[in-house]
Structures are given as C-alpha cells and as structure tokens.
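Chemist: There's a structure below that I have some questions on.
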Amino acid sequence: MRIDGSCACGTITLEGEADPADVSICHCTDCQTGTGSAFRVSVLVRGASLKMTGQPTNYLKLTADSGTPRIQAFCPGCGSPIYSTTPGDGPQDAYRVRVGILRQRREFVPKRQNWFRSALPWIDSVGAIAKNQKGG
Ligand SMILES: [Zn+2]
Ligand SMILES: [Zn+2]
C-alpha cells in the first residue's frame, strides 16, 4: 500500500510502500518511553521504496528489551518518532515506520501485540473508558 506522511512540524516527510499485513503494536518499556505513550504502532516499509525529505535525528538503542540494537529516528524539530531500523551505513533493508505519522493511519490494523508482559494494566479494558468525541 502506498503511504505518505510527515512529522508534526513538517520537517520530515516520507513516502513509500508499506505492508498492511505487517502492522504491530509494541508494549515494551522502551517504546513506552520513546513515545511518551502506552505503546507504539508500526508498519513494515522496505528501504528500497522509502523516500524521505529532511534528516531525522538518530540514536542507537542498545538496551532494548529484546537486547537487539536498533536505530531510533525522530524529528529534531518536533520530536515525532519516525521509524526504527537496523544499524548500518546507507539505506537499510527494512524500516518500521510509526503509523501515527502516516496519512493512511486509519487503514493499518495491527496484527499482533509484542512484549505484552509490560503492557499497561488498563490496555485490555480501554474500550470501556468513558469517551468524548472531542476534547474533554
Ligand atoms: Zn517535525
Ligand atoms: Zn518496543
């Protein structure tokens, strides 16, 4: 599926081809900290299809719950998370792009929840929390 999107301030824009079958939620504590939220949602985008304007700031996360080093990229202007990928020079094979920055975000339905052992305790009952259609 074609995707396009941008960070909150517009410094970073991207487009590419995403795999709607590979959308996941991550409840790991690094994703909670890195998003400032309860979990992260990301979709697989092949590096060969990814075009980006602007230069995200990267940091190498060595102490992920999985123990796997990952590059975490975010906008230097507004802090929006952009993607994670494998460390290395030049374009990488695969990127996990953050679904919330995509214009097509409503079309990507997560297929699995990873690191559920650190999910916040109210996650399974979020549908029962009182809802306001605007603000609140
Ligand atoms: Zn930005
Ligand atoms: Zn995570």
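Going by the structure tokens order, chains are called A, B, ..., each with residues numbered from 1, while ligands are numbered from 1 in the order shown.
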Identify, on the basis of only C-alpha atoms, every residue whose closest approach to Ile3 in chain A does not exceed 10 Å; exclude the query and any residue fewer than 6 positions from it along the same chain; express the result as an MDAnalysis selection string.
Modeler: chainID A and resid 14:19 45 50 99 102:105
Chemist: Can I get the residues close to ligand 1 as JSON, numbers by chain, where close means within 8 Å and we count only C-alpha atoms and all ligand atoms?
Modeler: {"A": [6, 7, 8, 9, 10, 11, 12, 74, 75, 76, 77, 78, 79, 80]}
Chemist: So that I have them on file, write out the residues from the current selection with all heavy atoms, as an mmCIF file, in the first residue's frame.
Modeler:
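The file below, out20.cif, is the result:
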data_model
loop_
_atom_site.group_PDB
_atom_site.id
_atom_site.type_symbol
_atom_site.label_atom_id
_atom_site.label_comp_id
_atom_site.auth_asym_id
_atom_site.auth_seq_id
_atom_site.Cartn_x
_atom_site.Cartn_y
_atom_site.Cartn_z
ATOM 1 N N SER A 6 4.025 12.821 7.428
ATOM 2 C CA SER A 6 5.042 13.747 7.913
ATOM 3 C C SER A 6 4.981 13.824 9.429
ATOM 4 O O SER A 6 4.004 13.428 10.054
ATOM 5 C CB SER A 6 4.851 15.141 7.299
ATOM 6 O OG SER A 6 3.810 15.827 7.956
ATOM 7 N N CYS A 7 6.065 14.351 9.982
ATOM 8 C CA CYS A 7 6.110 14.611 11.419
ATOM 9 C C CYS A 7 5.184 15.779 11.749
ATOM 10 O O CYS A 7 4.647 16.422 10.847
ATOM 11 C CB CYS A 7 7.547 14.920 11.827
ATOM 12 S SG CYS A 7 8.147 16.462 11.123
ATOM 13 N N ALA A 8 5.043 16.075 13.012
ATOM 14 C CA ALA A 8 4.102 17.115 13.439
ATOM 15 C C ALA A 8 4.468 18.493 12.901
ATOM 16 O O ALA A 8 3.590 19.296 12.585
ATOM 17 C CB ALA A 8 4.011 17.152 14.965
ATOM 18 N N CYS A 9 5.754 18.815 12.746
ATOM 19 C CA CYS A 9 6.149 20.161 12.313
ATOM 20 C C CYS A 9 6.406 20.239 10.815
ATOM 21 O O CYS A 9 6.611 21.333 10.289
ATOM 22 C CB CYS A 9 7.381 20.631 13.092
ATOM 23 S SG CYS A 9 8.949 19.907 12.571
ATOM 24 N N GLY A 10 6.416 19.110 10.111
ATOM 25 C CA GLY A 10 6.578 19.116 8.658
ATOM 26 C C GLY A 10 8.015 19.069 8.176
ATOM 27 O O GLY A 10 8.253 19.069 6.967
ATOM 28 N N THR A 11 8.990 19.043 9.082
ATOM 29 C CA THR A 11 10.399 18.980 8.676
ATOM 30 C C THR A 11 10.713 17.669 7.959
ATOM 31 O O THR A 11 11.481 17.644 6.997
ATOM 32 C CB THR A 11 11.315 19.112 9.922
ATOM 33 O OG1 THR A 11 11.098 20.382 10.513
ATOM 34 C CG2 THR A 11 12.780 18.958 9.560
ATOM 35 N N ILE A 12 10.117 16.580 8.440
ATOM 36 C CA ILE A 12 10.346 15.263 7.850
ATOM 37 C C ILE A 12 9.093 14.845 7.099
ATOM 38 O O ILE A 12 7.995 14.828 7.671
ATOM 39 C CB ILE A 12 10.628 14.193 8.939
ATOM 40 C CG1 ILE A 12 11.712 14.651 9.911
ATOM 41 C CG2 ILE A 12 10.943 12.841 8.299
ATOM 42 C CD1 ILE A 12 13.096 14.601 9.393
ATOM 43 N N PHE A 74 13.905 10.181 14.975
ATOM 44 C CA PHE A 74 12.834 11.111 15.309
ATOM 45 C C PHE A 74 13.136 12.475 14.711
ATOM 46 O O PHE A 74 14.275 12.762 14.318
ATOM 47 C CB PHE A 74 12.632 11.201 16.823
ATOM 48 C CG PHE A 74 13.826 11.735 17.573
ATOM 49 C CD1 PHE A 74 13.932 13.076 17.891
ATOM 50 C CD2 PHE A 74 14.858 10.879 17.955
ATOM 51 C CE1 PHE A 74 15.044 13.566 18.572
ATOM 52 C CE2 PHE A 74 15.967 11.357 18.643
ATOM 53 C CZ PHE A 74 16.060 12.707 18.952
ATOM 54 N N CYS A 75 12.110 13.311 14.608
ATOM 55 C CA CYS A 75 12.313 14.642 14.037
ATOM 56 C C CYS A 75 13.061 15.524 15.034
ATOM 57 O O CYS A 75 12.643 15.637 16.185
ATOM 58 C CB CYS A 75 10.974 15.269 13.677
ATOM 59 S SG CYS A 75 11.176 16.990 13.144
ATOM 60 N N PRO A 76 14.147 16.188 14.587
ATOM 61 C CA PRO A 76 14.882 17.075 15.501
ATOM 62 C C PRO A 76 14.103 18.338 15.846
ATOM 63 O O PRO A 76 14.408 18.997 16.843
ATOM 64 C CB PRO A 76 16.152 17.420 14.707
ATOM 65 C CG PRO A 76 15.774 17.243 13.273
ATOM 66 C CD PRO A 76 14.737 16.143 13.244
ATOM 67 N N GLY A 77 13.094 18.681 15.033
ATOM 68 C CA GLY A 77 12.338 19.900 15.287
ATOM 69 C C GLY A 77 11.202 19.710 16.267
ATOM 70 O O GLY A 77 10.981 20.538 17.151
ATOM 71 N N CYS A 78 10.456 18.617 16.112
ATOM 72 C CA CYS A 78 9.246 18.445 16.931
ATOM 73 C C CYS A 78 9.266 17.174 17.765
ATOM 74 O O CYS A 78 8.384 16.989 18.611
ATOM 75 C CB CYS A 78 7.998 18.464 16.046
ATOM 76 S SG CYS A 78 7.870 17.050 14.935
ATOM 77 N N GLY A 79 10.213 16.298 17.537
ATOM 78 C CA GLY A 79 10.324 15.096 18.358
ATOM 79 C C GLY A 79 9.444 13.940 17.924
ATOM 80 O O GLY A 79 9.457 12.885 18.568
ATOM 81 N N SER A 80 8.665 14.102 16.842
ATOM 82 C CA SER A 80 7.831 12.973 16.409
ATOM 83 C C SER A 80 8.701 11.759 16.112
ATOM 84 O O SER A 80 9.695 11.869 15.387
ATOM 85 C CB SER A 80 7.069 13.324 15.119
ATOM 86 O OG SER A 80 6.192 14.395 15.296
#
Chemist: May I ask you to write as an NGL selection string all residues lying at most 7 Å from ligand 2, with only C-alpha atoms and all ligand atoms counted?
Modeler: :A and (26-31 or 40)
Chemist: May I have the residues from that selection written out with all heavy atoms, as an mmCIF file, in the first residue's frame?
Modeler:
data_model
loop_
_atom_site.group_PDB
_atom_site.id
_atom_site.type_symbol
_atom_site.label_atom_id
_atom_site.label_comp_id
_atom_site.auth_asym_id
_atom_site.auth_seq_id
_atom_site.Cartn_x
_atom_site.Cartn_y
_atom_site.Cartn_z
ATOM 1 N N CYS A 26 3.802 -2.497 19.868
ATOM 2 C CA CYS A 26 4.852 -2.898 20.798
ATOM 3 C C CYS A 26 4.598 -2.247 22.156
ATOM 4 O O CYS A 26 4.485 -1.024 22.258
ATOM 5 C CB CYS A 26 6.237 -2.536 20.287
ATOM 6 S SG CYS A 26 7.510 -3.262 21.348
ATOM 7 N N HIS A 27 4.494 -3.104 23.159
ATOM 8 C CA HIS A 27 4.252 -2.653 24.532
ATOM 9 C C HIS A 27 5.539 -2.633 25.353
ATOM 10 O O HIS A 27 5.472 -2.540 26.578
ATOM 11 C CB HIS A 27 3.266 -3.601 25.232
ATOM 12 C CG HIS A 27 1.883 -3.611 24.673
ATOM 13 N ND1 HIS A 27 0.960 -2.633 24.933
ATOM 14 C CD2 HIS A 27 1.254 -4.501 23.857
ATOM 15 C CE1 HIS A 27 -0.189 -2.918 24.324
ATOM 16 N NE2 HIS A 27 -0.037 -4.049 23.671
ATOM 17 N N CYS A 28 6.697 -2.755 24.719
ATOM 18 C CA CYS A 28 7.927 -2.807 25.520
ATOM 19 C C CYS A 28 8.169 -1.460 26.214
ATOM 20 O O CYS A 28 7.661 -0.416 25.786
ATOM 21 C CB CYS A 28 9.128 -3.235 24.672
ATOM 22 S SG CYS A 28 9.983 -1.927 23.786
ATOM 23 N N THR A 29 8.930 -1.482 27.273
ATOM 24 C CA THR A 29 9.108 -0.264 28.063
ATOM 25 C C THR A 29 9.889 0.796 27.282
ATOM 26 O O THR A 29 9.691 1.989 27.478
ATOM 27 C CB THR A 29 9.793 -0.580 29.397
ATOM 28 O OG1 THR A 29 11.002 -1.297 29.148
ATOM 29 C CG2 THR A 29 8.891 -1.427 30.283
ATOM 30 N N ASP A 30 10.770 0.372 26.362
ATOM 31 C CA ASP A 30 11.471 1.351 25.524
ATOM 32 C C ASP A 30 10.486 2.095 24.628
ATOM 33 O O ASP A 30 10.629 3.303 24.416
ATOM 34 C CB ASP A 30 12.517 0.664 24.641
ATOM 35 C CG ASP A 30 13.738 0.239 25.440
ATOM 36 O OD1 ASP A 30 13.975 0.798 26.522
ATOM 37 O OD2 ASP A 30 14.449 -0.663 24.967
ATOM 38 N N CYS A 31 9.510 1.384 24.079
ATOM 39 C CA CYS A 31 8.530 2.044 23.222
ATOM 40 C C CYS A 31 7.625 2.954 24.039
ATOM 41 O O CYS A 31 7.230 4.022 23.565
ATOM 42 C CB CYS A 31 7.713 1.020 22.438
ATOM 43 S SG CYS A 31 8.662 0.282 21.081
ATOM 44 N N ARG A 40 3.555 1.543 21.056
ATOM 45 C CA ARG A 40 3.916 2.051 19.743
ATOM 46 C C ARG A 40 3.246 1.183 18.686
ATOM 47 O O ARG A 40 3.125 -0.018 18.872
ATOM 48 C CB ARG A 40 5.441 1.970 19.586
ATOM 49 C CG ARG A 40 5.951 2.769 18.425
ATOM 50 C CD ARG A 40 7.401 2.588 18.119
ATOM 51 N NE ARG A 40 8.440 2.744 19.099
ATOM 52 C CZ ARG A 40 9.110 3.878 19.368
ATOM 53 N NH1 ARG A 40 8.773 4.990 18.787
ATOM 54 N NH2 ARG A 40 10.112 3.881 20.214
#
Chemist: As a ChimeraX atom specification, please: every residue in chain A that a backbone DSSP assignment puts in strand (DSSP E).
Modeler: /A:2-6,13-26,40-46,51-53,57-61,70-74,81-85,94-98,112-114
Chemist: With C-alpha atoms retained, could you export that selection as a PDB file, in the first residue's frame?
Modeler:
ATOM      1  CA  ARG A   2       1.299   3.460  -0.885  1.00  0.00           C
ATOM      2  CA  ILE A   3       1.900   5.624   2.130  1.00  0.00           C
ATOM      3  CA  ASP A   4       2.845   9.197   2.790  1.00  0.00           C
ATOM      4  CA  GLY A   5       3.094  11.273   5.888  1.00  0.00           C
ATOM      5  CA  SER A   6       5.042  13.747   7.913  1.00  0.00           C
ATOM      6  CA  THR A  13       8.129  13.882   5.092  1.00  0.00           C
ATOM      7  CA  LEU A  14       8.182  10.391   3.746  1.00  0.00           C
ATOM      8  CA  GLU A  15       6.539   8.150   1.206  1.00  0.00           C
ATOM      9  CA  GLY A  16       6.906   4.528   0.296  1.00  0.00           C
ATOM     10  CA  GLU A  17       5.266   1.146   0.051  1.00  0.00           C
ATOM     11  CA  ALA A  18       4.047  -0.391   3.323  1.00  0.00           C
ATOM     12  CA  ASP A  19       2.930  -3.942   4.040  1.00  0.00           C
ATOM     13  CA  PRO A  20      -0.562  -3.804   5.629  1.00  0.00           C
ATOM     14  CA  ALA A  21      -0.127  -7.411   6.792  1.00  0.00           C
ATOM     15  CA  ASP A  22       2.855  -6.429   8.926  1.00  0.00           C
ATOM     16  CA  VAL A  23       1.468  -3.936  11.413  1.00  0.00           C
ATOM     17  CA  SER A  24       2.274  -4.468  15.059  1.00  0.00           C
ATOM     18  CA  ILE A  25       1.871  -2.944  18.471  1.00  0.00           C
ATOM     19  CA  CYS A  26       4.852  -2.898  20.798  1.00  0.00           C
ATOM     20  CA  ARG A  40       3.916   2.051  19.743  1.00  0.00           C
ATOM     21  CA  VAL A  41       2.274   1.031  16.442  1.00  0.00           C
ATOM     22  CA  SER A  42       4.480   0.477  13.408  1.00  0.00           C
ATOM     23  CA  VAL A  43       4.320  -0.928   9.885  1.00  0.00           C
ATOM     24  CA  LEU A  44       6.986  -2.542   7.735  1.00  0.00           C
ATOM     25  CA  VAL A  45       8.322  -0.399   4.857  1.00  0.00           C
ATOM     26  CA  ARG A  46      11.039  -1.752   2.577  1.00  0.00           C
ATOM     27  CA  LYS A  51      11.765   8.304   0.067  1.00  0.00           C
ATOM     28  CA  MET A  52      12.255  10.937   2.703  1.00  0.00           C
ATOM     29  CA  THR A  53      12.816  14.692   2.918  1.00  0.00           C
ATOM     30  CA  THR A  57      17.953  12.561  14.358  1.00  0.00           C
ATOM     31  CA  ASN A  58      19.026   9.003  15.132  1.00  0.00           C
ATOM     32  CA  TYR A  59      20.110   7.330  18.282  1.00  0.00           C
ATOM     33  CA  LEU A  60      21.231   3.772  18.819  1.00  0.00           C
ATOM     34  CA  LYS A  61      19.205   1.988  21.462  1.00  0.00           C
ATOM     35  CA  ARG A  70      18.045  -0.594  16.907  1.00  0.00           C
ATOM     36  CA  ILE A  71      18.360   2.822  15.342  1.00  0.00           C
ATOM     37  CA  GLN A  72      15.517   5.031  16.563  1.00  0.00           C
ATOM     38  CA  ALA A  73      14.818   8.030  14.322  1.00  0.00           C
ATOM     39  CA  PHE A  74      12.834  11.111  15.309  1.00  0.00           C
ATOM     40  CA  PRO A  81       9.034   9.362  16.231  1.00  0.00           C
ATOM     41  CA  ILE A  82       9.614   8.455  12.550  1.00  0.00           C
ATOM     42  CA  TYR A  83      10.919   4.889  12.339  1.00  0.00           C
ATOM     43  CA  SER A  84      13.296   2.296  13.714  1.00  0.00           C
ATOM     44  CA  THR A  85      15.718   0.234  11.667  1.00  0.00           C
ATOM     45  CA  ALA A  94      13.540  -2.657   6.256  1.00  0.00           C
ATOM     46  CA  TYR A  95      12.129   0.161   8.357  1.00  0.00           C
ATOM     47  CA  ARG A  96       9.388   0.044  10.952  1.00  0.00           C
ATOM     48  CA  VAL A  97       7.587   3.312  10.304  1.00  0.00           C
ATOM     49  CA  ARG A  98       5.397   4.805  13.045  1.00  0.00           C
ATOM     50  CA  ARG A 112      -0.139  -8.672  16.832  1.00  0.00           C
ATOM     51  CA  GLN A 113       0.924  -7.177  20.147  1.00  0.00           C
ATOM     52  CA  ASN A 114       4.548  -7.721  21.152  1.00  0.00           C
TER      53      ASN A 114
END
Chemist: Calculate how many Å separate CA of Leu62 in chain A from CA of Pro87 in chain A, rounding to one decimal.
Modeler: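 Computing it gives 10.5 Å between the two atoms.
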Chemist: Select from chain A everything DSSP, run on the backbone, classes as alpha helix (DSSP H), then give the selection as an MDAnalysis selection string.
Modeler: chainID A and resid 29:35
Chemist: For CA of Ser49 in chain A and CA of Asp93 in chain A, quote the distance in Å rounded to one decimal.
Modeler: 9.7 Å
Chemist: What is the distance between CA of Lys134 in chain A and CA of Gly100 in chain A, in Å to one decimal?
Modeler: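 Between CA of Lys134 in chain A and CA of Gly100 in chain A the gap is 18.3 Å.
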Chemist: Have a look at A:Ala38, A:Val109, A:Ala48, A:Ile101 and name the one nearest to Val126 in chain A; count only C-alpha atoms.
Modeler: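 Closest candidate: A:Ala38.
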Chemist: For a quick check of understanding, using only C-alpha atoms, which of A:Met1, A:Phe39, A:Gly90, A:Gly67 has the smallest distance to Phe116 in chain A?
Modeler: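 The closest residue to Phe116 in chain A is A:Phe39.
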